[in-house]
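File shown here: work.cif, holding mmCIF, C-alpha atoms (C1' of nucleotides).
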data_input
#
loop_
_atom_site.label_atom_id
_atom_site.label_comp_id
_atom_site.auth_asym_id
_atom_site.auth_seq_id
_atom_site.Cartn_x
_atom_site.Cartn_y
_atom_site.Cartn_z
CA MET N 678 209.15 58.28 229.94
CA SER N 679 209.75 58.79 233.57
CA ARG N 680 208.21 59.16 236.94
CA TRP N 681 204.98 61.07 236.43
CA ASP N 682 204.30 60.24 232.79
CA PRO N 683 200.98 58.56 232.12
CA ASP N 684 200.16 54.84 231.96
CA ALA N 685 202.87 53.52 234.24
CA LYS N 686 201.31 50.06 234.15
CA GLY N 687 201.36 49.97 230.37
CA ARG N 688 204.94 51.18 230.24
CA LEU N 689 205.97 48.45 232.63
CA ALA N 690 204.24 45.84 230.49
CA MET N 691 205.92 47.09 227.33
CA ALA N 692 209.34 47.29 228.96
CA ALA N 693 208.91 43.76 230.26
CA ARG N 694 207.91 42.37 226.90
CA GLU N 695 210.87 44.00 225.18
CA LEU N 696 213.33 42.75 227.75
CA PHE N 697 211.89 39.24 227.78
CA VAL N 698 212.25 39.04 224.01
CA GLU N 699 215.73 40.58 224.05
CA GLN N 700 217.32 38.61 226.85
CA GLY N 701 214.84 36.05 228.12
CA PHE N 702 212.57 35.89 231.13
CA ASP N 703 214.92 34.79 233.87
CA ARG N 704 217.84 36.95 232.86
CA THR N 705 215.58 39.96 233.22
CA THR N 706 215.16 41.29 236.75
CA VAL N 707 212.21 43.29 237.93
CA ALA N 708 214.62 46.13 238.58
CA ASP N 709 215.59 46.03 234.87
CA ILE N 710 211.98 46.30 233.82
CA ALA N 711 211.23 49.14 236.19
CA ALA N 712 214.33 51.02 235.12
CA ARG N 713 213.40 50.82 231.44
CA ALA N 714 209.95 52.13 232.28
CA GLY N 715 211.49 54.97 234.29
CA LEU N 716 210.11 53.62 237.56
CA THR N 717 211.28 51.71 240.58
CA GLU N 718 211.02 48.06 241.48
CA ARG N 719 208.58 48.86 244.27
CA THR N 720 206.21 50.49 241.82
CA PHE N 721 206.31 47.44 239.59
CA PHE N 722 204.92 45.38 242.42
CA ARG N 723 202.19 47.92 243.01
CA HIS N 724 200.91 47.27 239.50
CA TYR N 725 201.64 43.57 239.17
CA ALA N 726 201.40 41.03 241.95
CA ASP N 727 204.51 39.25 240.74
CA LYS N 728 207.01 39.15 237.92
CA ARG N 729 205.04 36.65 235.83
CA GLU N 730 201.84 38.56 236.04
CA VAL N 731 203.12 41.26 233.71
CA LEU N 732 202.67 38.76 230.87
CA PHE N 733 199.09 37.96 231.83
CA ALA N 734 197.84 41.42 232.48
CA GLY N 735 194.40 41.66 230.97
CA ASP N 736 191.28 40.82 232.81
CA TRP N 737 189.70 41.80 229.52
CA LEU N 738 189.42 38.15 228.48
CA ALA N 739 187.47 37.24 231.56
CA ALA N 740 185.41 40.41 231.39
CA ARG N 741 184.52 39.89 227.77
CA MET N 742 183.59 36.27 228.31
CA THR N 743 181.42 37.17 231.26
CA GLU N 744 179.60 39.68 229.14
CA ASP N 745 179.21 37.30 226.20
CA VAL N 746 177.77 34.60 228.41
CA ALA N 747 175.36 36.97 230.09
CA GLU N 748 174.07 38.34 226.81
CA ALA N 749 173.77 35.09 224.86
CA PRO N 750 170.35 34.23 223.41
CA ALA N 751 168.13 32.28 225.75
CA ASP N 752 167.63 29.23 223.55
CA LEU N 753 171.27 28.19 223.24
CA THR N 754 172.74 25.14 224.92
CA PRO N 755 175.43 25.74 227.55
CA ILE N 756 178.21 24.39 225.35
CA GLU N 757 177.10 26.60 222.49
CA ILE N 758 177.11 29.67 224.73
CA VAL N 759 180.60 28.88 225.89
CA THR N 760 181.76 28.20 222.37
CA ARG N 761 180.64 31.59 221.18
CA ALA N 762 182.31 33.34 224.10
CA VAL N 763 185.54 31.53 223.35
CA GLU N 764 185.35 32.33 219.65
CA ASN N 765 184.98 36.01 220.47
CA ALA N 766 187.95 35.82 222.78
CA CYS N 767 190.00 34.50 219.88
CA ASP N 768 189.41 37.69 217.95
CA GLY N 769 190.74 39.68 220.87
CA ILE N 770 193.88 37.61 220.95
CA THR N 771 194.59 37.52 217.26
CA SER N 772 194.16 41.28 216.92
CA SER N 773 197.82 41.56 217.93
CA PRO N 774 199.16 38.40 216.37
CA ASP N 775 202.85 39.23 216.51
CA TRP N 776 202.81 39.90 220.20
CA SER N 777 200.61 36.87 220.82
CA ARG N 778 203.09 34.64 219.06
CA ASP N 779 206.08 36.19 220.85
CA ARG N 780 204.26 35.71 224.08
CA ALA N 781 203.46 32.09 223.29
CA ARG N 782 207.15 31.49 222.60
CA ILE N 783 208.30 33.09 225.83
CA ILE N 784 205.80 31.05 227.81
CA ALA N 785 206.71 27.83 226.06
CA ASP N 786 210.31 28.24 227.23
CA HIS N 787 209.48 28.64 230.91
CA PRO N 788 207.62 26.07 233.01
CA GLU N 789 206.81 28.70 235.64
CA LEU N 790 205.03 30.71 232.98
CA GLN N 791 203.16 27.68 231.69
CA GLU N 792 201.92 27.19 235.22
CA ARG N 793 200.55 30.69 235.29
CA GLU N 794 198.97 30.24 231.89
CA LEU N 795 197.16 27.13 233.05
CA ALA N 796 196.06 28.94 236.18
CA LYS N 797 194.62 31.73 234.06
CA MET N 798 192.77 29.19 231.97
CA GLY N 799 191.40 27.74 235.16
CA MET N 800 190.20 31.19 236.12
CA LEU N 801 188.48 31.57 232.78
CA ALA N 802 186.75 28.26 233.31
CA GLY N 803 185.57 29.50 236.67
CA VAL N 804 184.27 32.70 235.16
CA LEU N 805 182.44 30.90 232.37
CA ALA N 806 180.91 28.41 234.78
CA GLY N 807 179.80 31.24 237.04
CA GLY N 808 178.18 33.00 234.12
CA LEU N 809 176.29 29.88 233.16
CA ARG N 810 175.06 29.33 236.69
CA GLU N 811 173.77 32.90 236.67
CA ARG N 812 171.62 31.83 233.77
CA GLY N 813 170.24 28.93 235.74
CA VAL N 814 172.37 26.20 234.24
CA PRO N 815 172.84 23.40 236.78
CA ASP N 816 176.16 23.35 238.57
CA VAL N 817 177.59 20.19 237.04
CA THR N 818 176.62 21.11 233.51
CA ALA N 819 178.00 24.61 233.91
CA THR N 820 181.33 23.36 235.17
CA LEU N 821 181.70 20.81 232.42
CA ALA N 822 180.68 23.12 229.59
CA ALA N 823 183.10 25.74 230.88
CA GLU N 824 185.96 23.29 231.21
CA LEU N 825 185.37 21.89 227.75
CA GLY N 826 185.24 25.36 226.27
CA VAL N 827 188.49 26.34 227.90
CA LEU N 828 190.11 23.09 226.82
CA ALA N 829 189.10 23.81 223.24
CA PHE N 830 190.40 27.34 223.62
CA ARG N 831 193.77 26.15 224.89
CA LEU N 832 194.25 23.58 222.18
CA ALA N 833 193.08 25.96 219.48
CA TYR N 834 195.54 28.55 220.76
CA GLU N 835 198.39 26.05 220.65
CA ARG N 836 197.60 25.05 217.10
CA TRP N 837 197.20 28.63 215.99
CA ALA N 838 200.40 29.87 217.64
CA GLY N 839 202.34 26.96 216.16
CA GLY N 840 200.75 27.07 212.73
CA ARG N 841 200.98 29.26 209.67
CA ARG N 842 200.52 32.98 210.12
CA SER N 843 197.56 33.10 207.77
CA THR N 844 195.48 30.66 209.79
CA ARG N 845 192.60 32.16 211.72
CA MET N 846 192.17 31.04 215.30
CA ALA N 847 188.43 31.28 215.96
CA PRO N 848 187.33 28.52 213.57
CA LEU N 849 189.79 26.14 215.22
CA VAL N 850 187.66 26.19 218.34
CA ARG N 851 184.78 24.37 216.72
CA VAL N 852 187.16 22.01 214.99
CA VAL N 853 188.64 21.02 218.33
CA LEU N 854 185.22 20.71 219.93
CA ALA N 855 184.05 18.40 217.16
CA GLU N 856 187.15 16.28 217.70
CA ILE N 857 186.43 16.20 221.41
CA GLU N 858 182.95 14.94 220.79
CA GLY N 859 184.31 12.24 218.54
CA VAL N 860 186.95 11.08 220.98
CA ALA N 861 184.68 11.23 224.02
CA GLY N 862 182.13 9.06 222.23
CA GLY N 863 184.67 6.34 221.48
CA ALA N 864 184.41 4.67 224.87
CA MET Z 835 216.12 11.68 262.93
CA SER Z 836 219.19 13.60 262.02
CA ARG Z 837 221.90 14.06 259.51
CA TRP Z 838 222.79 10.58 258.28
CA ASP Z 839 219.57 8.75 259.03
CA PRO Z 840 217.93 7.10 256.04
CA ASP Z 841 215.31 8.49 253.66
CA ALA Z 842 216.09 12.17 253.95
CA LYS Z 843 213.69 12.97 251.14
CA GLY Z 844 210.83 11.19 252.84
CA ARG Z 845 211.59 12.86 256.16
CA LEU Z 846 211.52 16.24 254.46
CA ALA Z 847 208.17 15.45 252.89
CA MET Z 848 206.69 14.34 256.18
CA ALA Z 849 208.04 17.33 258.07
CA ALA Z 850 206.65 19.62 255.42
CA ARG Z 851 203.20 18.04 255.55
CA GLU Z 852 203.06 18.29 259.33
CA LEU Z 853 204.14 21.91 259.34
CA PHE Z 854 201.78 22.88 256.53
CA VAL Z 855 198.89 21.36 258.44
CA GLU Z 856 199.97 22.89 261.74
CA GLN Z 857 200.74 26.42 260.67
CA GLY Z 858 199.92 26.80 256.99
CA PHE Z 859 202.01 26.83 253.86
CA ASP Z 860 203.31 30.37 253.80
CA ARG Z 861 204.03 30.65 257.49
CA THR Z 862 206.29 27.65 257.13
CA THR Z 863 209.79 28.38 255.86
CA VAL Z 864 211.99 25.88 254.11
CA ALA Z 865 214.41 26.28 257.00
CA ASP Z 866 211.61 25.14 259.37
CA ILE Z 867 211.00 22.05 257.32
CA ALA Z 868 214.64 21.16 257.08
CA ALA Z 869 215.13 21.69 260.81
CA ARG Z 870 212.28 19.35 261.70
CA ALA Z 871 213.75 16.73 259.39
CA GLY Z 872 217.15 17.20 261.03
CA LEU Z 873 218.66 18.64 257.85
CA THR Z 874 219.58 21.99 256.38
CA GLU Z 875 217.81 24.25 253.96
CA ARG Z 876 220.41 23.56 251.29
CA THR Z 877 219.68 19.86 251.46
CA PHE Z 878 215.98 20.48 251.05
CA PHE Z 879 216.68 22.07 247.70
CA ARG Z 880 218.80 19.13 246.67
CA HIS Z 881 215.76 16.89 247.00
CA TYR Z 882 213.02 19.26 245.88
CA ALA Z 883 213.36 21.85 243.15
CA ASP Z 884 211.30 24.32 245.14
CA LYS Z 885 209.17 24.66 248.22
CA ARG Z 886 205.93 23.69 246.49
CA GLU Z 887 207.35 20.58 244.96
CA VAL Z 888 207.46 18.82 248.30
CA LEU Z 889 203.68 18.48 248.06
CA PHE Z 890 203.81 16.99 244.57
CA ALA Z 891 206.64 14.58 245.03
CA GLY Z 892 205.63 11.39 243.34
CA ASP Z 893 206.38 10.62 239.77
CA TRP Z 894 204.59 7.42 240.60
CA LEU Z 895 201.35 8.71 239.12
CA ALA Z 896 202.97 9.41 235.78
CA ALA Z 897 204.96 6.20 235.91
CA ARG Z 898 201.91 4.08 236.69
CA MET Z 899 199.85 5.72 233.98
CA THR Z 900 202.60 5.21 231.43
CA GLU Z 901 202.71 1.55 232.33
CA ASP Z 902 198.93 1.15 232.25
CA VAL Z 903 198.70 2.75 228.82
CA ALA Z 904 201.52 0.66 227.43
CA GLU Z 905 200.01 -2.60 228.69
CA ALA Z 906 196.38 -1.97 227.80
CA PRO Z 907 194.67 -4.53 225.52
CA ALA Z 908 195.04 -3.82 221.83
CA ASP Z 909 191.34 -3.54 221.01
CA LEU Z 910 190.47 -0.67 223.34
CA THR Z 911 189.65 2.81 222.13
CA PRO Z 912 192.04 5.60 223.18
CA ILE Z 913 189.55 7.13 225.58
CA GLU Z 914 188.93 3.75 227.19
CA ILE Z 915 192.66 3.20 227.65
CA VAL Z 916 193.02 6.56 229.29
CA THR Z 917 189.98 5.99 231.44
CA ARG Z 918 191.39 2.79 232.85
CA ALA Z 919 194.75 4.39 233.56
CA VAL Z 920 193.01 7.21 235.39
CA GLU Z 921 190.84 4.82 237.38
CA ASN Z 922 193.93 2.95 238.53
CA ALA Z 923 195.54 6.20 239.55
CA CYS Z 924 192.54 6.89 241.77
CA ASP Z 925 193.28 3.79 243.78
CA GLY Z 926 196.80 5.03 244.37
CA ILE Z 927 195.49 8.33 245.64
CA THR Z 928 192.74 7.03 247.83
CA SER Z 929 195.00 4.51 249.50
CA SER Z 930 196.00 7.30 251.87
CA PRO Z 931 192.70 9.16 252.02
CA ASP Z 932 193.44 11.28 255.08
CA TRP Z 933 196.59 12.70 253.68
CA SER Z 934 194.98 13.18 250.27
CA ARG Z 935 192.20 15.20 251.83
CA ASP Z 936 194.59 17.27 253.95
CA ARG Z 937 196.62 17.89 250.87
CA ALA Z 938 193.60 18.95 248.88
CA ARG Z 939 192.70 21.42 251.61
CA ILE Z 940 196.19 22.91 251.74
CA ILE Z 941 196.24 23.32 247.99
CA ALA Z 942 192.78 24.84 247.89
CA ASP Z 943 193.97 27.61 250.20
CA HIS Z 944 196.93 28.65 248.09
CA PRO Z 945 196.74 29.84 244.49
CA GLU Z 946 200.43 29.17 243.97
CA LEU Z 947 199.82 25.54 244.86
CA GLN Z 948 196.80 25.32 242.59
CA GLU Z 949 199.05 26.49 239.80
CA ARG Z 950 201.45 23.70 240.48
CA GLU Z 951 198.62 21.19 240.67
CA LEU Z 952 197.36 22.24 237.26
CA ALA Z 953 200.87 22.05 235.89
CA LYS Z 954 201.18 18.50 237.18
CA MET Z 955 197.89 17.62 235.54
CA GLY Z 956 199.24 19.05 232.33
CA MET Z 957 202.26 16.83 232.69
CA LEU Z 958 200.04 13.81 233.18
CA ALA Z 959 198.15 14.72 230.03
CA GLY Z 960 201.47 14.88 228.20
CA VAL Z 961 202.49 11.50 229.53
CA LEU Z 962 199.18 9.88 228.60
CA ALA Z 963 199.24 11.40 225.13
CA GLY Z 964 202.81 10.21 224.64
CA GLY Z 965 201.84 6.70 225.67
CA LEU Z 966 198.97 6.66 223.22
CA ARG Z 967 201.18 7.87 220.37
CA GLU Z 968 203.57 5.05 221.18
CA ARG Z 969 200.67 2.73 220.44
CA GLY Z 970 200.13 4.36 217.08
CA VAL Z 971 197.22 6.55 218.03
CA PRO Z 972 197.21 9.67 215.81
CA ASP Z 973 198.53 12.83 217.38
CA VAL Z 974 195.28 14.76 217.59
CA THR Z 975 193.30 11.87 219.00
CA ALA Z 976 195.99 11.06 221.54
CA THR Z 977 196.12 14.65 222.78
CA LEU Z 978 192.37 14.93 223.10
CA ALA Z 979 191.85 11.59 224.79
CA ALA Z 980 194.60 12.43 227.26
CA GLU Z 981 193.22 15.88 228.01
CA LEU Z 982 189.72 14.54 228.50
CA GLY Z 983 190.99 11.82 230.79
CA VAL Z 984 192.90 14.30 232.91
CA LEU Z 985 189.93 16.64 233.01
CA ALA Z 986 187.77 13.81 234.29
CA PHE Z 987 190.46 12.92 236.81
CA ARG Z 988 190.64 16.49 238.09
CA LEU Z 989 186.90 16.88 238.46
CA ALA Z 990 186.53 13.47 240.03
CA TYR Z 991 189.25 14.34 242.52
CA GLU Z 992 187.52 17.58 243.43
CA ARG Z 993 184.23 15.85 244.02
CA TRP Z 994 185.82 13.07 246.00
CA ALA Z 995 187.92 15.36 248.20
CA GLY Z 996 184.89 17.55 248.89
CA GLY Z 997 182.43 14.72 249.39
CA ARG Z 998 181.67 12.18 252.05
CA ARG Z 999 184.50 10.04 253.33
CA SER Z 1000 182.82 6.83 252.30
CA THR Z 1001 182.61 7.74 248.63
CA ARG Z 1002 185.00 5.92 246.33
CA MET Z 1003 186.88 8.01 243.80
CA ALA Z 1004 187.48 5.67 240.85
CA PRO Z 1005 183.82 5.28 239.82
CA LEU Z 1006 183.47 9.04 239.69
CA VAL Z 1007 185.76 9.11 236.68
CA ARG Z 1008 183.29 7.37 234.43
CA VAL Z 1009 180.46 9.43 235.83
CA VAL Z 1010 182.27 12.61 234.88
CA LEU Z 1011 183.18 11.25 231.47
CA ALA Z 1012 179.58 10.37 230.77
CA GLU Z 1013 178.58 13.89 231.75
CA ILE Z 1014 181.25 15.28 229.46
CA GLU Z 1015 179.87 13.29 226.56
CA GLY Z 1016 176.42 14.59 227.29
CA VAL Z 1017 177.45 18.20 227.52
CA ALA Z 1018 179.75 18.08 224.50
CA GLY Z 1019 176.95 16.66 222.41
CA GLY Z 1020 174.59 19.50 223.27
CA ALA Z 1021 175.94 21.92 220.66
"C1'" DC P 1396 195.48 82.13 245.47
"C1'" DT P 1397 196.39 79.00 249.02
"C1'" DA P 1398 195.85 74.93 252.25
"C1'" DG P 1399 195.06 70.73 252.61
"C1'" DG P 1400 193.64 66.15 250.85
"C1'" DC P 1401 194.69 62.29 248.04
"C1'" DG P 1402 196.62 59.04 244.91
"C1'" DA P 1403 200.81 57.56 242.79
"C1'" DT P 1404 205.57 57.12 243.41
"C1'" DG P 1405 210.07 56.79 245.90
"C1'" DT P 1406 213.11 55.16 249.66
"C1'" DC P 1407 214.66 51.95 252.84
"C1'" DA P 1408 215.04 47.94 255.38
"C1'" DG P 1409 213.88 43.39 255.76
"C1'" DT P 1410 212.41 38.32 254.80
"C1'" DA P 1411 212.75 34.18 252.45
"C1'" DA P 1412 213.27 31.44 248.24
"C1'" DC P 1413 216.78 29.70 245.62
"C1'" DT P 1414 221.87 28.93 243.69
"C1'" DG P 1415 226.93 28.13 243.22
"C1'" DA P 1416 231.32 26.89 245.20
"C1'" DC P 1417 233.63 24.42 248.26
"C1'" DA P 1418 234.34 21.69 252.65
"C1'" DT P 1419 233.15 17.65 255.35
"C1'" DC P 1420 231.30 13.40 256.69
"C1'" DA P 1421 229.97 8.30 256.27
"C1'" DT P 1422 230.25 4.37 253.56
"C1'" DC P 1423 231.96 1.37 250.21
"C1'" DT P 1424 235.79 -0.84 247.65
"C1'" DG P 1425 240.09 -2.39 246.58
"C1'" DC V 1337 243.78 1.02 255.56
"C1'" DA V 1338 243.51 4.56 251.67
"C1'" DG V 1339 241.11 6.49 248.31
"C1'" DA V 1340 236.71 7.02 245.76
"C1'" DT V 1341 232.01 8.33 246.01
"C1'" DG V 1342 227.72 10.29 247.26
"C1'" DA V 1343 225.12 12.83 250.60
"C1'" DT V 1344 225.29 16.63 253.55
"C1'" DG V 1345 226.93 21.09 255.64
"C1'" DT V 1346 228.60 25.91 255.31
"C1'" DC V 1347 228.76 30.29 253.42
"C1'" DA V 1348 228.02 34.00 250.51
"C1'" DG V 1349 225.25 35.89 247.19
"C1'" DT V 1350 221.12 37.16 244.08
"C1'" DT V 1351 216.47 38.30 243.51
"C1'" DA V 1352 211.53 38.18 244.23
"C1'" DC V 1353 208.50 40.24 247.17
"C1'" DT V 1354 206.58 43.15 251.44
"C1'" DG V 1355 205.73 46.76 255.02
"C1'" DA V 1356 206.36 51.37 256.77
"C1'" DC V 1357 206.95 55.83 255.89
"C1'" DA V 1358 208.33 59.98 253.07
"C1'" DT V 1359 207.59 62.71 248.93
"C1'" DC V 1360 205.62 64.50 244.84
"C1'" DG V 1361 202.03 66.43 241.76
"C1'" DC V 1362 197.36 67.34 241.11
"C1'" DC V 1363 192.74 68.68 242.52
"C1'" DT V 1364 189.42 71.00 245.20
"C1'" DA V 1365 187.40 73.85 249.03
"C1'" DG V 1366 187.53 78.10 250.93
#
Starting from the file, give its structure as structure tokens.
Amino acid sequence: MSRWDPDAKGRLAMAARELFVEQGFDRTTVADIAARAGLTERTFFRHYADKREVLFAGDWLAARMTEDVAEAPADLTPIEIVTRAVENACDGITSSPDWSRDRARIIADHPELQERELAKMGMLAGVLAGGLRERGVPDVTATLAAELGVLAFRLAYERWAGGRRSTRMAPLVRVVLAEIEGVAGGA
Amino acid sequence: MSRWDPDAKGRLAMAARELFVEQGFDRTTVADIAARAGLTERTFFRHYADKREVLFAGDWLAARMTEDVAEAPADLTPIEIVTRAVENACDGITSSPDWSRDRARIIADHPELQERELAKMGMLAGVLAGGLRERGVPDVTATLAAELGVLAFRLAYERWAGGRRSTRMAPLVRVVLAEIEGVAGGA
DNA sequence: CTAGGCGATGTCAGTAACTGACATCATCTG
DNA sequence: CAGATGATGTCAGTTACTGACATCGCCTAG
């Protein structure tokens, strides 16, 4: 595992995860991570914009959601389109449940990481809204449907990560959305 | 304006705002800010946990919301309680509209500041939810009402900051909430 | 087979955010 | 007037992050 071995980015991510679990986020320096991956600090920053980013690597969530929104049947409502995209994203997350739970724990301990997580969710909302607009959904509706979907995603993720291991995440999305509808109507 | 003059924290905030407007956030160092306020870098960090925080100083928003939620009439629904708290918060913000708009522009230019803004919104949601639980509102309902309120607040703020100067912000909150109800129901 | 191009990595020096330890100053209190 | 107290200054250090340039290994044209 050194210099010219393949998948430097992946090795950095794995090294980071291990170290964060072993000794915590802030007691791990970027130099530590790079060393474990057989690389240098400078190279770390070529692959990840900053230290936090190594925990939020995949654009795959955004990419998959974009695709799902684009390919959704024509007769669905915006919120239904978003819901389906979010449900699919859940499957991606829960396919490595142990890591997802570790990750959730690391993030929960560090406000700076929670910030990044929220920012990523914001990005997802932007992506979803953009996808809806592409389909001709009016701006306001697109934004709102996207934000609601992401809100449901976030809350479902929290419940799933904090709940029993046997619970499945995807169904929680519709549960949360139904609750949202109930609460929003209680004005 | 030096060393032992009063309100060091306020002077730092004002210096920071001026410099951010004049030359941008990242071309302004903490040393610059401290110098303009007649203080040292070290003192800056005694008043603000980090450079970004100087733009997000007030706990007054959270404090006011807490109070509003605690004192709301007993017969209101959770979402209505939250809505009123958020509407009141709008008045606080729009009482210095020029600065609020400058601030919104600075934040819009810097992803790191958007992160912090979202984190603050998350904190507000936590505060609102906590206040509702104090009143005996069930956990799930409290969380959802709070998140919806904050979502409406965020979107209303965006529209207000981007819109005409004569527009009032508070009424936008209910507009957004009504839209949310409409979109959420379209499943 | 070799020369050169090219992308990924290394090296080095530098900036600036942030922190801990300790000294100093102004004010308040007895 | 002396000591307590809280705010500030000073200094040294760590670490995240960046720019400029050198080096390495592979790939391709000739």
Could you write out as a count of residues only the residues of chain Z within 8 Å of chain N, counting all atoms listed in the file? 24
Within 9 Å of chain P, which residues of chain Z come that close, and what is the closest atom pair and distance in Å for each? Count only C-alpha atoms (C1' of nucleotides) and give it as JSON lines.
{"residue": "Z:Trp838", "atom": "CA", "partner": "P:DA1421", "partner_atom": "C1'", "distance": 7.8}
{"residue": "Z:Thr863", "atom": "CA", "partner": "P:DA1411", "partner_atom": "C1'", "distance": 7.4}
{"residue": "Z:Val864", "atom": "CA", "partner": "P:DA1412", "partner_atom": "C1'", "distance": 8.2}
{"residue": "Z:Phe879", "atom": "CA", "partner": "P:DC1413", "partner_atom": "C1'", "distance": 7.9}
{"residue": "Z:Ala883", "atom": "CA", "partner": "P:DC1413", "partner_atom": "C1'", "distance": 8.9}
{"residue": "Z:Asp884", "atom": "CA", "partner": "P:DC1413", "partner_atom": "C1'", "distance": 7.7}
{"residue": "Z:Lys885", "atom": "CA", "partner": "P:DA1412", "partner_atom": "C1'", "distance": 7.9}
Residues of chain V no more than 10 Å from chain N, counting all atoms listed in the file: send them over as an mmCIF file with C-alpha atoms (C1' of nucleotides), in the coordinates of the input.
data_model
loop_
_atom_site.group_PDB
_atom_site.id
_atom_site.type_symbol
_atom_site.label_atom_id
_atom_site.label_comp_id
_atom_site.auth_asym_id
_atom_site.auth_seq_id
_atom_site.Cartn_x
_atom_site.Cartn_y
_atom_site.Cartn_z
ATOM 1 C "C1'" DT V 1351 216.470 38.300 243.510
ATOM 2 C "C1'" DA V 1352 211.530 38.180 244.230
ATOM 3 C "C1'" DC V 1353 208.500 40.240 247.170
ATOM 4 C "C1'" DT V 1354 206.580 43.150 251.440
ATOM 5 C "C1'" DC V 1360 205.620 64.500 244.840
ATOM 6 C "C1'" DG V 1361 202.030 66.430 241.760
#
How big is the axis-aligned box around the listed atoms of segment 1355-1365 of chain V once 5 Å is added on each side, and where is its centre? Give both in Å to one decimal, as JSON.
{"center_x": 197.9, "center_y": 60.3, "center_z": 248.9, "size_x": 30.9, "size_y": 37.1, "size_z": 25.7}
If the PyMOL selection byres ((chain N and resi 713) around 9) is run on the structure shown, which residues does it catch, given as number ranges by chain? N: 678, 688-689, 692-693, 696, 708-712, 714-716
Evaluate the PyMOL selection byres ((chain Z and resi 858) around 12) and record the selected residues as a VMD selection string, following the chain and residue labels used in the document. chain Z and resid 850 to 857 859 to 863 936 to 937 939 to 944
Write the residues you've just listed into a file as a PDB file, in the frame of the given file, and include C-alpha atoms for each of them.
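Final file, out_12.pdb:
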ATOM      1  CA  ALA Z 850     206.650  19.620 255.420  1.00  0.00           C
ATOM      2  CA  ARG Z 851     203.200  18.040 255.550  1.00  0.00           C
ATOM      3  CA  GLU Z 852     203.060  18.290 259.330  1.00  0.00           C
ATOM      4  CA  LEU Z 853     204.140  21.910 259.340  1.00  0.00           C
ATOM      5  CA  PHE Z 854     201.780  22.880 256.530  1.00  0.00           C
ATOM      6  CA  VAL Z 855     198.890  21.360 258.440  1.00  0.00           C
ATOM      7  CA  GLU Z 856     199.970  22.890 261.740  1.00  0.00           C
ATOM      8  CA  GLN Z 857     200.740  26.420 260.670  1.00  0.00           C
ATOM      9  CA  PHE Z 859     202.010  26.830 253.860  1.00  0.00           C
ATOM     10  CA  ASP Z 860     203.310  30.370 253.800  1.00  0.00           C
ATOM     11  CA  ARG Z 861     204.030  30.650 257.490  1.00  0.00           C
ATOM     12  CA  THR Z 862     206.290  27.650 257.130  1.00  0.00           C
ATOM     13  CA  THR Z 863     209.790  28.380 255.860  1.00  0.00           C
ATOM     14  CA  ASP Z 936     194.590  17.270 253.950  1.00  0.00           C
ATOM     15  CA  ARG Z 937     196.620  17.890 250.870  1.00  0.00           C
ATOM     16  CA  ARG Z 939     192.700  21.420 251.610  1.00  0.00           C
ATOM     17  CA  ILE Z 940     196.190  22.910 251.740  1.00  0.00           C
ATOM     18  CA  ILE Z 941     196.240  23.320 247.990  1.00  0.00           C
ATOM     19  CA  ALA Z 942     192.780  24.840 247.890  1.00  0.00           C
ATOM     20  CA  ASP Z 943     193.970  27.610 250.200  1.00  0.00           C
ATOM     21  CA  HIS Z 944     196.930  28.650 248.090  1.00  0.00           C
TER      22      HIS Z 944
END
As a check of understanding: the span from atom CA of Pro848 of chain N to atom CA of Glu764 of chain N is 7.4 Å
For a test of reading the model, state the distance in Å between atom CA of Thr874 of chain Z and atom CA of Glu887 of chain Z, rounded to one decimal. 16.8 Å
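Atom pair atom CA of Arg886 of chain Z / atom CA of Arg988 of chain Z has a distance of 18.9 Å (rounded to one decimal).
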